[in-house]
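Pasted below: final-v3.tsv, TSV, C-alpha atoms.
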chain	number	residue	atom	x	y	z
A	1	MET	CA	0.00	0.00	0.00
A	2	ASP	CA	1.45	3.36	-1.02
A	3	LEU	CA	1.27	6.68	0.84
A	4	SER	CA	-1.68	8.03	-1.13
A	5	GLU	CA	-3.79	4.99	-0.23
A	6	LEU	CA	-2.81	5.30	3.45
A	7	ARG	CA	-3.85	8.95	3.39
A	8	LYS	CA	-7.22	7.95	1.91
A	9	GLU	CA	-7.71	5.58	4.84
A	10	ILE	CA	-6.90	8.39	7.29
A	11	ASP	CA	-9.35	10.69	5.47
A	12	ALA	CA	-12.04	8.01	5.75
A	13	VAL	CA	-11.46	7.67	9.51
A	14	ASP	CA	-11.54	11.46	9.88
A	15	GLU	CA	-14.90	11.55	8.10
A	16	GLN	CA	-16.24	9.26	10.83
A	17	LEU	CA	-14.61	11.26	13.64
A	18	ILE	CA	-15.87	14.69	12.62
A	19	PRO	CA	-19.61	14.07	13.20
A	20	LEU	CA	-18.81	12.33	16.49
A	21	LEU	CA	-16.74	15.30	17.67
A	22	ILE	CA	-19.52	17.68	16.64
A	23	LYS	CA	-22.00	15.55	18.57
A	24	ARG	CA	-19.70	15.65	21.61
A	25	MET	CA	-19.58	19.44	21.49
A	26	GLN	CA	-23.36	19.64	21.17
A	27	ILE	CA	-23.71	17.49	24.28
A	28	ALA	CA	-21.17	19.74	26.02
A	29	GLU	CA	-23.52	22.67	25.33
A	30	ASP	CA	-26.34	20.77	27.04
A	31	VAL	CA	-24.00	20.00	29.95
A	32	ALA	CA	-23.26	23.71	30.26
A	33	LYS	CA	-26.98	24.53	30.45
A	34	TYR	CA	-27.46	21.87	33.12
A	35	LYS	CA	-24.54	23.27	35.14
A	36	ILE	CA	-26.03	26.78	34.93
A	37	GLU	CA	-29.38	25.54	36.25
A	38	ASN	CA	-27.78	23.58	39.08
A	39	GLY	CA	-24.89	25.87	40.00
A	40	ILE	CA	-22.20	23.32	39.14
A	41	PRO	CA	-18.68	24.50	38.21
A	42	VAL	CA	-17.37	23.74	34.74
A	43	LEU	CA	-14.21	21.92	35.81
A	44	ASN	CA	-14.45	18.53	37.48
A	45	ALA	CA	-10.78	17.58	37.67
A	46	SER	CA	-11.31	14.18	39.31
A	47	ARG	CA	-13.79	13.06	36.63
A	48	GLU	CA	-11.48	14.22	33.84
A	49	GLN	CA	-8.54	12.34	35.34
A	50	GLU	CA	-10.68	9.22	35.76
A	51	ILE	CA	-11.65	9.33	32.08
A	52	LEU	CA	-8.08	9.91	30.95
A	53	ASP	CA	-6.81	6.99	33.04
A	54	LYS	CA	-9.42	4.70	31.48
A	55	VAL	CA	-8.50	5.89	27.98
A	56	GLU	CA	-4.83	5.18	28.61
A	57	GLU	CA	-5.64	1.73	29.94
A	58	LYS	CA	-7.92	0.81	27.01
A	59	CYS	CA	-5.59	2.01	24.28
A	60	GLY	CA	-2.54	-0.11	25.11
A	61	ILE	CA	0.63	1.06	23.37
A	62	TYR	CA	-1.22	4.11	22.03
A	63	GLY	CA	-2.44	5.05	25.51
A	64	ASN	CA	-0.31	8.17	26.04
A	65	THR	CA	-0.93	9.46	22.53
A	66	ILE	CA	-4.70	9.04	22.59
A	67	LYS	CA	-4.88	10.38	26.15
A	68	THR	CA	-3.30	13.59	24.83
A	69	ILE	CA	-5.96	13.81	22.13
A	70	TYR	CA	-8.70	13.25	24.71
A	71	SER	CA	-7.29	15.91	27.03
A	72	ALA	CA	-7.34	18.44	24.17
A	73	THR	CA	-10.95	17.48	23.43
A	74	MET	CA	-11.84	18.02	27.09
A	75	ASP	CA	-10.12	21.41	27.08
A	76	ALA	CA	-12.14	22.42	24.00
A	77	SER	CA	-15.33	21.18	25.64
A	78	ARG	CA	-14.65	23.18	28.80
A	79	ALA	CA	-13.83	26.29	26.75
A	80	LEU	CA	-17.22	25.96	25.05
A	81	GLN	CA	-18.99	25.51	28.40
A	82	HIS	CA	-17.26	28.56	29.86
A	83	LYS	CA	-18.36	30.61	26.86
A	84	ILE	CA	-21.98	29.61	27.43
A	85	ILE	CA	-21.91	30.01	31.21
A	86	GLY	CA	-19.98	33.30	31.10
A	87	GLY	CA	-17.92	32.81	34.26
A	88	GLY	CA	-15.10	34.89	35.65
A	89	SER	CA	-17.41	37.54	37.09
A	90	GLN	CA	-14.69	39.10	39.25
A	91	LEU	CA	-12.37	39.57	36.27
A	92	ARG	CA	-15.18	40.80	34.04
A	93	ASN	CA	-16.16	43.39	36.63
A	94	ALA	CA	-12.54	44.56	37.03
A	95	VAL	CA	-12.15	45.04	33.28
A	96	GLU	CA	-15.57	46.68	32.93
A	97	ASN	CA	-14.80	49.18	35.72
A	98	ALA	CA	-11.23	49.92	34.61
A	99	GLU	CA	-10.22	53.40	33.57
A	100	ARG	CA	-10.10	53.57	29.78
A	101	ASN	CA	-7.26	55.28	27.96
A	102	LYS	CA	-8.01	56.32	24.38
A	103	LYS	CA	-4.53	57.68	23.67
A	104	LEU	CA	-1.52	55.72	22.42
A	105	ARG	CA	0.43	56.55	25.58
A	106	ILE	CA	-0.78	56.61	29.15
A	107	THR	CA	-0.57	60.00	30.87
A	108	ALA	CA	0.15	60.92	34.49
A	109	ASN	CA	-1.16	64.51	34.26
A	110	GLY	CA	2.00	65.82	35.91
A	111	ALA	CA	1.96	63.37	38.85
A	112	PRO	CA	5.41	62.12	39.98
A	113	ILE	CA	6.86	58.92	38.56
A	114	ALA	CA	9.06	56.48	40.52
A	115	CYS	CA	12.11	54.78	39.07
A	116	GLN	CA	15.15	53.00	40.45
A	117	GLY	CA	18.64	54.52	40.46
A	118	VAL	CA	19.85	58.11	40.20
A	119	GLU	CA	19.78	60.83	37.56
A	120	GLY	CA	21.19	59.57	34.29
A	121	ALA	CA	19.78	56.05	34.70
A	122	TYR	CA	18.22	54.31	31.72
A	123	SER	CA	15.01	54.09	33.78
A	124	GLU	CA	14.97	57.90	33.82
A	125	VAL	CA	15.29	57.99	30.03
A	126	ALA	CA	12.32	55.62	29.70
A	127	ALA	CA	10.30	57.53	32.31
A	128	LYS	CA	10.85	60.88	30.56
A	129	ALA	CA	10.00	59.40	27.17
A	130	ILE	CA	6.63	58.17	28.46
A	131	PHE	CA	5.84	60.91	31.00
A	132	SER	CA	7.56	64.03	29.69
A	133	GLU	CA	5.39	66.29	31.86
A	134	SER	CA	6.06	64.51	35.17
A	135	PRO	CA	8.84	64.87	37.76
A	136	ILE	CA	10.93	61.75	38.36
A	137	VAL	CA	11.48	60.46	41.89
A	138	PHE	CA	14.49	58.16	42.31
A	139	PHE	CA	14.71	55.18	44.69
A	140	LYS	CA	17.67	52.99	45.56
A	141	GLN	CA	16.05	49.56	45.14
A	142	PHE	CA	13.43	48.11	42.78
A	143	GLU	CA	11.18	47.29	45.72
A	144	ASN	CA	11.29	50.92	46.83
A	145	VAL	CA	9.65	51.77	43.51
A	146	PHE	CA	6.82	49.33	44.20
A	147	GLU	CA	6.42	50.72	47.70
A	148	ALA	CA	6.29	54.29	46.41
A	149	VAL	CA	3.36	53.29	44.19
A	150	ASN	CA	1.84	51.19	46.97
A	151	GLN	CA	1.89	54.08	49.44
A	152	GLY	CA	0.61	56.61	46.91
A	153	LYS	CA	3.83	58.63	46.84
A	154	THR	CA	3.84	58.33	43.04
A	155	LYS	CA	1.10	57.49	40.58
A	156	PHE	CA	3.20	55.16	38.45
A	157	GLY	CA	6.52	53.33	38.63
A	158	ILE	CA	8.98	52.38	35.86
A	159	ILE	CA	10.73	49.00	36.11
A	160	PRO	CA	13.05	47.20	33.62
A	161	VAL	CA	11.88	43.62	33.12
A	162	GLU	CA	13.98	42.17	30.31
A	163	ASN	CA	16.81	42.84	27.92
A	164	SER	CA	17.20	41.48	24.41
A	165	THR	CA	20.75	40.32	25.21
A	166	ALA	CA	20.86	39.46	28.92
A	167	GLY	CA	17.30	38.22	29.31
A	168	SER	CA	14.91	38.67	32.22
A	169	VAL	CA	15.47	40.88	35.24
A	170	HIS	CA	14.44	38.21	37.75
A	171	GLU	CA	14.13	40.58	40.70
A	172	ALA	CA	11.56	42.60	38.76
A	173	TYR	CA	9.43	39.54	38.05
A	174	ASP	CA	9.64	38.41	41.68
A	175	LEU	CA	8.33	41.83	42.75
A	176	ILE	CA	5.56	41.68	40.14
A	177	MET	CA	4.54	38.32	41.65
A	178	LYS	CA	4.67	39.77	45.17
A	179	TYR	CA	2.75	43.02	44.66
A	180	ARG	CA	0.42	42.04	41.77
A	181	PHE	CA	0.19	45.65	40.61
A	182	TYR	CA	-1.29	46.37	37.21
A	183	VAL	CA	0.88	46.84	34.13
A	184	VAL	CA	-0.51	49.84	32.25
A	185	GLY	CA	2.18	50.37	29.62
A	186	SER	CA	5.57	49.24	28.38
A	187	TYR	CA	8.45	50.89	26.57
A	188	ASN	CA	11.28	49.39	24.55
A	189	LEU	CA	14.44	51.48	24.90
A	190	LYS	CA	17.51	50.91	22.73
A	191	ILE	CA	20.53	50.74	25.02
A	192	GLU	CA	24.04	51.90	24.11
A	193	HIS	CA	26.58	51.35	26.86
A	194	CYS	CA	29.76	53.39	27.26
A	195	LEU	CA	32.97	52.71	29.16
A	196	CYS	CA	33.50	55.80	31.29
A	197	ALA	CA	36.12	56.95	33.80
A	198	LYS	CA	37.42	60.07	35.50
A	199	PRO	CA	39.26	62.45	33.12
A	200	ASP	CA	42.68	61.57	34.55
A	201	THR	CA	42.19	57.79	34.39
A	202	LYS	CA	44.16	56.01	31.68
A	203	TYR	CA	42.62	53.19	29.67
A	204	GLU	CA	45.52	50.83	30.35
A	205	ASN	CA	45.29	51.34	34.13
A	206	ILE	CA	41.65	50.22	34.43
A	207	GLU	CA	41.20	46.99	36.39
A	208	ASN	CA	37.65	47.04	37.77
A	209	VAL	CA	34.48	48.05	35.94
A	210	TYR	CA	31.33	48.88	37.94
A	211	SER	CA	27.78	48.56	36.66
A	212	HIS	CA	24.44	46.84	37.13
A	213	PRO	CA	24.66	43.02	36.60
A	214	GLN	CA	22.46	43.30	33.51
A	215	ALA	CA	24.80	45.88	31.93
A	216	LEU	CA	27.86	43.77	32.77
A	217	SER	CA	26.18	40.80	31.11
A	218	GLN	CA	25.25	42.87	28.06
A	219	CYS	CA	28.92	43.94	27.71
A	220	SER	CA	30.50	40.60	28.68
A	221	ALA	CA	32.53	40.21	25.47
A	222	PHE	CA	34.11	43.65	25.83
A	223	ILE	CA	34.93	43.05	29.52
A	224	LYS	CA	36.47	39.68	28.76
A	225	ASN	CA	38.48	41.02	25.83
A	226	PHE	CA	40.21	43.63	28.03
A	227	ASP	CA	40.44	41.32	31.05
A	228	PHE	CA	38.51	43.74	33.22
A	229	THR	CA	36.85	42.57	36.44
A	230	GLY	CA	33.14	43.36	36.42
A	231	ILE	CA	31.77	44.46	39.80
A	232	ASN	CA	28.03	44.53	40.45
A	233	TYR	CA	26.46	47.84	41.37
A	234	SER	CA	22.84	48.83	42.04
A	235	ASN	CA	22.42	50.84	38.86
A	236	THR	CA	24.45	51.99	35.83
A	237	ALA	CA	24.09	55.69	36.68
A	238	ALA	CA	24.78	55.00	40.36
A	239	ALA	CA	27.97	53.23	39.25
A	240	ALA	CA	28.97	56.32	37.25
A	241	LYS	CA	28.33	58.50	40.28
A	242	TYR	CA	30.44	56.19	42.46
A	243	VAL	CA	33.36	56.23	40.02
A	244	SER	CA	33.22	60.03	39.75
A	245	GLU	CA	33.39	60.40	43.55
A	246	SER	CA	36.04	57.73	44.13
A	247	ASP	CA	39.71	58.56	44.71
A	248	LYS	CA	40.73	55.46	42.73
A	249	ASN	CA	42.26	55.85	39.28
A	250	ASN	CA	42.00	52.23	38.18
A	251	ILE	CA	38.21	51.92	37.94
A	252	ALA	CA	35.56	52.71	35.35
A	253	ALA	CA	31.82	52.46	34.93
A	254	ILE	CA	29.58	51.07	32.23
A	255	CYS	CA	26.73	53.53	31.82
A	256	SER	CA	24.85	55.74	29.38
A	257	GLU	CA	26.31	58.77	27.66
A	258	GLN	CA	23.84	60.90	29.66
A	259	ALA	CA	25.12	59.50	32.96
A	260	ALA	CA	28.74	60.13	31.96
A	261	LYS	CA	27.97	63.78	31.20
A	262	LYS	CA	25.92	64.13	34.38
A	263	TYR	CA	28.78	62.96	36.60
A	264	GLY	CA	31.69	64.47	34.69
A	265	LEU	CA	33.19	61.24	33.39
A	266	LYS	CA	35.23	60.84	30.23
A	267	ILE	CA	33.78	58.44	27.65
A	268	LEU	CA	36.57	56.07	26.69
A	269	LYS	CA	34.52	53.96	24.30
A	270	LYS	CA	30.93	53.97	23.08
A	271	GLY	CA	28.78	51.04	21.96
A	272	ILE	CA	30.54	48.35	24.00
A	273	GLN	CA	27.44	46.11	24.29
A	274	ASN	CA	27.61	42.64	22.75
A	275	VAL	CA	24.73	43.31	20.35
A	276	THR	CA	24.24	46.51	18.34
A	277	ASN	CA	20.45	46.61	18.66
A	278	ASN	CA	20.55	45.98	22.42
A	279	THR	CA	17.10	46.81	23.84
A	280	THR	CA	15.58	46.87	27.33
A	281	ARG	CA	11.88	46.58	27.97
A	282	PHE	CA	10.45	48.72	30.77
A	283	ILE	CA	6.94	48.42	32.21
A	284	VAL	CA	4.73	51.00	33.89
A	285	ILE	CA	3.20	49.71	37.15
A	286	SER	CA	0.07	51.10	38.79
A	287	LYS	CA	-2.31	50.27	41.65
A	288	LYS	CA	-5.20	51.26	39.40
A	289	LEU	CA	-6.20	49.31	36.32
A	290	VAL	CA	-6.01	51.42	33.16
A	291	ILE	CA	-6.77	49.69	29.85
A	292	ASP	CA	-5.87	51.09	26.44
A	293	GLU	CA	-8.85	50.92	24.12
A	294	ASP	CA	-6.90	49.29	21.26
A	295	ALA	CA	-4.19	47.64	23.38
A	296	ARG	CA	-2.22	44.76	21.92
A	297	LYS	CA	-0.53	43.11	24.92
A	298	ILE	CA	-1.98	41.29	27.94
A	299	SER	CA	0.08	40.33	30.99
A	300	LEU	CA	-0.91	37.53	33.37
A	301	ILE	CA	0.25	35.50	36.36
A	302	PHE	CA	-1.00	31.93	36.72
A	303	SER	CA	-0.21	28.56	38.25
A	304	ALA	CA	-0.44	25.08	36.78
A	305	PRO	CA	-1.39	21.93	38.72
A	306	HIS	CA	1.36	19.46	39.64
A	307	THR	CA	0.15	16.93	37.07
A	308	THR	CA	1.70	15.62	33.88
A	309	GLY	CA	1.09	17.92	30.94
A	310	SER	CA	-0.77	20.58	32.96
A	311	LEU	CA	1.30	23.51	31.69
A	312	TYR	CA	1.07	22.17	28.15
A	313	ARG	CA	-2.72	22.09	28.45
A	314	VAL	CA	-2.92	25.63	29.82
A	315	LEU	CA	-0.73	26.96	27.02
A	316	GLY	CA	-2.79	24.99	24.53
A	317	ARG	CA	-5.84	27.00	25.53
A	318	PHE	CA	-4.15	30.18	24.26
A	319	SER	CA	-3.38	28.48	20.97
A	320	MET	CA	-6.98	27.27	20.75
A	321	ALA	CA	-8.15	30.88	21.09
A	322	GLY	CA	-5.68	32.03	18.40
A	323	LEU	CA	-3.51	33.99	20.85
A	324	ASN	CA	0.27	34.26	20.60
A	325	LEU	CA	2.41	34.10	23.75
A	326	THR	CA	5.42	36.40	23.52
A	327	LYS	CA	6.79	35.83	27.03
A	328	LEU	CA	6.67	33.01	29.57
A	329	GLU	CA	8.66	33.37	32.78
A	330	SER	CA	8.58	30.89	35.67
A	331	ARG	CA	9.46	32.02	39.19
A	332	PRO	CA	9.63	29.93	42.39
A	333	VAL	CA	6.93	30.51	45.00
A	334	ALA	CA	9.58	30.11	47.74
A	335	ASN	CA	7.44	27.83	49.88
A	336	GLY	CA	9.98	25.00	50.07
A	337	ARG	CA	7.94	22.72	47.77
A	338	PHE	CA	9.35	23.68	44.36
A	339	ASP	CA	6.06	25.28	43.36
A	340	TYR	CA	6.17	27.84	40.56
A	341	LEU	CA	4.14	30.73	39.26
A	342	PHE	CA	4.19	31.73	35.61
A	343	TYR	CA	4.24	35.23	34.16
A	344	ALA	CA	2.97	35.46	30.58
A	345	ASP	CA	2.65	38.16	27.95
A	346	VAL	CA	0.00	37.47	25.32
A	347	LEU	CA	-0.89	39.41	22.20
A	348	GLY	CA	-4.58	40.27	22.44
A	349	ASN	CA	-7.28	42.67	23.54
A	350	VAL	CA	-9.89	42.13	26.27
A	351	ASN	CA	-12.51	43.80	24.06
A	352	ASP	CA	-12.40	40.62	21.97
A	353	SER	CA	-15.07	38.30	23.41
A	354	GLU	CA	-13.15	35.08	22.73
A	355	THR	CA	-10.05	36.45	24.45
A	356	MET	CA	-12.08	37.60	27.44
A	357	ASP	CA	-13.87	34.26	27.65
A	358	LEU	CA	-10.52	32.45	27.79
A	359	LEU	CA	-9.14	34.70	30.54
A	360	CYS	CA	-12.31	34.27	32.58
A	361	ALA	CA	-12.24	30.50	32.08
A	362	LEU	CA	-8.65	30.28	33.31
A	363	SER	CA	-9.42	32.57	36.24
A	364	ASP	CA	-12.16	30.14	37.32
A	365	GLU	CA	-10.14	26.97	36.77
A	366	LEU	CA	-6.64	27.75	38.02
A	367	ASP	CA	-5.69	28.01	41.68
A	368	GLU	CA	-3.64	31.13	40.93
A	369	PHE	CA	-4.63	33.57	38.21
A	370	THR	CA	-4.01	37.33	38.12
A	371	PHE	CA	-4.85	39.63	35.23
A	372	LEU	CA	-2.14	42.32	35.23
A	373	GLY	CA	-3.35	44.48	32.39
A	374	ASN	CA	-3.94	45.17	28.70
A	375	TYR	CA	-1.75	47.92	27.27
A	376	HIS	CA	0.38	49.32	24.45
A	377	GLU	CA	4.04	48.53	23.87
A	378	ILE	CA	5.93	51.62	22.68
A	379	VAL	CA	9.20	51.25	20.79
A	380	MET	CA	11.75	54.09	20.80
A	381	GLU	CA	13.01	54.76	17.29

Could you express the structure from this file as structure tokens?
Amino acid sequence: MDLSELRKEIDAVDEQLIPLLIKRMQIAEDVAKYKIENGIPVLNASREQEILDKVEEKCGIYGNTIKTIYSATMDASRALQHKIIGGGSQLRNAVENAERNKKLRITANGAPIACQGVEGAYSEVAAKAIFSESPIVFFKQFENVFEAVNQGKTKFGIIPVENSTAGSVHEAYDLIMKYRFYVVGSYNLKIEHCLCAKPDTKYENIENVYSHPQALSQCSAFIKNFDFTGINYSNTAAAAKYVSESDKNNIAAICSEQAAKKYGLKILKKGIQNVTNNTTRFIVISKKLVIDEDARKISLIFSAPHTTGSLYRVLGRFSMAGLNLTKLESRPVANGRFDYLFYADVLGNVNDSETMDLLCALSDELDEFTFLGNYHEIVME
């Protein structure tokens, strides 16, 4: 039997499966109506697991494969039931009552903005690009920024969350998990690092280079090439300030050109980052939910059960709804049991009914689910 004949056999089997799958979905609609009338939740995890175990047992060597197909069918059935029942009332109410922003960029109306570091920091550049009319308030640590927003000292905070070269800023994601503030905007800033030192420092005398760990990582090839020792500092601009005030003549800082000028340092070399189009993504955090009318990015926190394939099934739900995940970050819960929470960025808009239905379904089903916001991502040219 050749391939074309085998494909005809598969087509014939599919023709038998399609009406059966349609019938199953029609019954799922009736199940949803029954659950509405009797106040029964959509998800019955124990029944699903019982069915999957029986399927695996009946199907012999194909057990795992067919169980995967069945689990996807169950996920589709539940998605349909959620759409009919219209759950997730708490999330729906939060989105419905959110402040709506009709502009491309969120505005602070002159209210102060919190960012980490000192004057000349990349966070300041991002903050001024988004909120040109607002004063910037600087804080030493990332958590101080969250606390400033938490205590109402500032309306918004600016936090770097990832870099195109060095990856995620894990401390930022841990704080997002802790505070669960809303994300109301993001900004992609192109980063050009400079090697800077006091005017009387000679290139050949430099031994130690100070900067934030992310900046050191982004310039790792340059540091290695000159056999410098990279020393972690709280912020790139703070490192520049430290070098300018130090009495040592064998140290330098990796920072922005703005920071070098601010603290009177000489720029020894520009563009020392590993990648030319080095970019850092900053987010705007807020205690109040503000949703852009035509936003394109959704941020979420969720958990997945400690069962085989659970994360795969959750992610499959996004695919089923036609949504593209652009970021997935796992962070430990720090409870001693190796439990994890997941941060996800998804391309979508909550004004789309199918997208909203999915978010509400997951909020009902998962033990941990937090909607962080729906917003624009601005790219600096």

Legend entry - Residue neighbourhood Glu50 (chain A), 12 Å, only C-alpha atoms, exclusion window fewer than 5 positions, as an NGL selection string: :A and (44-45 or 55-57 or 67 or 70-71)

Legend entry - Residue contacts of region 368-378 of chain A (9 Å, only C-alpha atoms) excluding same-chain residues fewer than 6 positions away, as a PyMOL selection string: chain A and resi 91+95+104-106+130+180-189+283+289-304+341+348-350+359+362

Legend entry - Separation of CA of Gly87 (chain A) from CA of Arg331 (chain A), in Å and rounded to one decimal: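 CA of Arg331 (chain A) lies 27.8 Å from CA of Gly87 (chain A).
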
Legend entry - Contact residues around region 6-22 of chain A with all atoms listed in the file at 12 Å, ignoring same-chain residues under 5 positions, as number ranges by chain: A: 1, 27-29, 69-70, 72-74, 76-77

Legend entry - Computed interatomic separation between CA of Pro135 (chain A) and CA of Ala114 (chain A) (Å):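 So the answer is 8.8 Å.
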
Enclose the full set of atoms of region 67-84 of chain A listed in the file within a box whose edges lie along x, y and z, apply 5 Å of padding to each of the six sides, and report centre and edge lengths in Å to one decimal as lines of an AutoDock Vina configuration file.
center_x = -12.6
center_y = 20.5
center_z = 26.0
size_x = 28.7
size_y = 30.2
size_z = 17.7

Legend entry - 10 Å contact set for Gln141 (chain A), only C-alpha atoms, chain neighbours under 5 positions out, as a PyMOL selection string: chain A and resi 115-117+146+234-235

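The space separating CA of Glu257 (chain A) from CA of Lys241 (chain A) comes to 12.8 Å.
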
Can you tell me, as an mmCIF file with C-alpha atoms, keeping the file's coordinate frame, which residues sit within 9 Å of (16.3, 59.6, 35.1) in the file's frame, using all atoms listed in the file?
data_model
loop_
_atom_site.group_PDB
_atom_site.id
_atom_site.type_symbol
_atom_site.label_atom_id
_atom_site.label_comp_id
_atom_site.auth_asym_id
_atom_site.auth_seq_id
_atom_site.Cartn_x
_atom_site.Cartn_y
_atom_site.Cartn_z
ATOM 1 C CA CYS A 115 12.110 54.780 39.070
ATOM 2 C CA GLN A 116 15.150 53.000 40.450
ATOM 3 C CA GLY A 117 18.640 54.520 40.460
ATOM 4 C CA VAL A 118 19.850 58.110 40.200
ATOM 5 C CA GLU A 119 19.780 60.830 37.560
ATOM 6 C CA GLY A 120 21.190 59.570 34.290
ATOM 7 C CA ALA A 121 19.780 56.050 34.700
ATOM 8 C CA TYR A 122 18.220 54.310 31.720
ATOM 9 C CA SER A 123 15.010 54.090 33.780
ATOM 10 C CA GLU A 124 14.970 57.900 33.820
ATOM 11 C CA VAL A 125 15.290 57.990 30.030
ATOM 12 C CA ALA A 126 12.320 55.620 29.700
ATOM 13 C CA ALA A 127 10.300 57.530 32.310
ATOM 14 C CA LYS A 128 10.850 60.880 30.560
ATOM 15 C CA ILE A 136 10.930 61.750 38.360
ATOM 16 C CA VAL A 137 11.480 60.460 41.890
ATOM 17 C CA PHE A 138 14.490 58.160 42.310
ATOM 18 C CA ALA A 237 24.090 55.690 36.680
#

Inset, instruction - Point out the residue among A:Lys287, A:Lys248, A:Arg317, A:His193 with the least atom-to-atom distance to Lys270 (chain A), counting all atoms listed in the file. - result: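 Answer, going by the shortest atom-to-atom distance: A:His193.
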
Give me, as JSON lines, each residue of region 245-285 of chain A that comes within 12 Å of region 166-172 of chain A, together with its shortest interatomic pair and the distance in Å at one decimal, counting all atoms listed in the file, with rows ordered by chain and rising residue number.
{"residue": "A:Gln273", "atom": "CA", "partner": "A:Ala166", "partner_atom": "CA", "distance": 10.4}
{"residue": "A:Asn274", "atom": "CA", "partner": "A:Ala166", "partner_atom": "CA", "distance": 9.7}
{"residue": "A:Val275", "atom": "CA", "partner": "A:Ala166", "partner_atom": "CA", "distance": 10.2}
{"residue": "A:Asn278", "atom": "CA", "partner": "A:Ala166", "partner_atom": "CA", "distance": 9.2}
{"residue": "A:Thr279", "atom": "CA", "partner": "A:Ala166", "partner_atom": "CA", "distance": 9.7}
{"residue": "A:Thr280", "atom": "CA", "partner": "A:Gly167", "partner_atom": "CA", "distance": 9.0}
{"residue": "A:Arg281", "atom": "CA", "partner": "A:Ser168", "partner_atom": "CA", "distance": 9.5}
{"residue": "A:Phe282", "atom": "CA", "partner": "A:Ala172", "partner_atom": "CA", "distance": 10.1}
{"residue": "A:Ile283", "atom": "CA", "partner": "A:Ala172", "partner_atom": "CA", "distance": 9.9}
{"residue": "A:Val284", "atom": "CA", "partner": "A:Ala172", "partner_atom": "CA", "distance": 11.9}
{"residue": "A:Ile285", "atom": "CA", "partner": "A:Ala172", "partner_atom": "CA", "distance": 11.1}

Keeping C-alpha atoms, export the residues of the selection given above as a compact mmCIF listing (two decimals), in the frame of the given file.
# COMPACT_ATOMS: atom_id res chain seq x y z
CA GLN A 273 27.44 46.11 24.29
CA ASN A 274 27.61 42.64 22.75
CA VAL A 275 24.73 43.31 20.35
CA ASN A 278 20.55 45.98 22.42
CA THR A 279 17.10 46.81 23.84
CA THR A 280 15.58 46.87 27.33
CA ARG A 281 11.88 46.58 27.97
CA PHE A 282 10.45 48.72 30.77
CA ILE A 283 6.94 48.42 32.21
CA VAL A 284 4.73 51.00 33.89
CA ILE A 285 3.20 49.71 37.15

Legend entry - A:Lys202, A:His82, A:Tyr340, A:Ala148 ranked by distance to Ser353 (chain A), top pick (using all atoms listed in the file):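 Nearest candidate to Ser353 (chain A) out of A:Lys202, A:His82, A:Tyr340, A:Ala148: A:His82.
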
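Considering all atoms listed in the file, the residue among A:Glu204, A:Gly86, A:Arg24, A:Asn64 positioned nearest to Gly309 (chain A) is A:Asn64.
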
Inset, instruction - Go through A:Phe342, A:Phe142, A:Tyr263, A:Tyr242 and flag the residue nearest Pro199 (chain A), using all atoms listed in the file for the distances. - result: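 Of all the options, A:Tyr263 lies closest to Pro199 (chain A).
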
Legend entry - Pick from A:Asn249, A:Ser286, A:Asn232, A:Ser256 nearest to Ile206 (chain A), counting all atoms listed in the file: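 Answer, going by the shortest atom-to-atom distance: A:Asn249.
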
Inset, instruction - Using all atoms listed in the file, pick whichever of A:Phe131, A:Ala361, A:Gly152, A:Leu315 has the shortest atom-to-atom distance to Gln81 (chain A). - result: A:Ala361

Mind completing region 256-262 of chain A with N, CA, C and O atoms? Output as an mmCIF file, keeping the file's coordinate frame, please?
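Output saved as result_16.cif:
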data_model
loop_
_atom_site.group_PDB
_atom_site.id
_atom_site.type_symbol
_atom_site.label_atom_id
_atom_site.label_comp_id
_atom_site.auth_asym_id
_atom_site.auth_seq_id
_atom_site.Cartn_x
_atom_site.Cartn_y
_atom_site.Cartn_z
ATOM 1 N N SER A 256 25.301 55.009 30.573
ATOM 2 C CA SER A 256 24.850 55.740 29.380
ATOM 3 C C SER A 256 25.708 56.982 29.163
ATOM 4 O O SER A 256 26.399 57.452 30.074
ATOM 5 N N GLU A 257 25.620 57.518 27.966
ATOM 6 C CA GLU A 257 26.310 58.770 27.660
ATOM 7 C C GLU A 257 25.776 59.895 28.538
ATOM 8 O O GLU A 257 26.542 60.750 29.008
ATOM 9 N N GLN A 258 24.455 59.867 28.807
ATOM 10 C CA GLN A 258 23.840 60.900 29.660
ATOM 11 C C GLN A 258 24.415 60.863 31.069
ATOM 12 O O GLN A 258 24.694 61.900 31.673
ATOM 13 N N ALA A 259 24.586 59.633 31.601
ATOM 14 C CA ALA A 259 25.120 59.500 32.960
ATOM 15 C C ALA A 259 26.565 59.981 33.024
ATOM 16 O O ALA A 259 26.982 60.613 34.007
ATOM 17 N N ALA A 260 27.347 59.687 31.992
ATOM 18 C CA ALA A 260 28.740 60.130 31.960
ATOM 19 C C ALA A 260 28.824 61.656 32.001
ATOM 20 O O ALA A 260 29.613 62.235 32.759
ATOM 21 N N LYS A 261 27.988 62.309 31.210
ATOM 22 C CA LYS A 261 27.970 63.780 31.200
ATOM 23 C C LYS A 261 27.494 64.330 32.535
ATOM 24 O O LYS A 261 28.034 65.329 33.041
ATOM 25 N N LYS A 262 26.487 63.670 33.109
ATOM 26 C CA LYS A 262 25.920 64.130 34.380
ATOM 27 C C LYS A 262 26.972 64.132 35.476
ATOM 28 O O LYS A 262 27.025 65.051 36.315
#
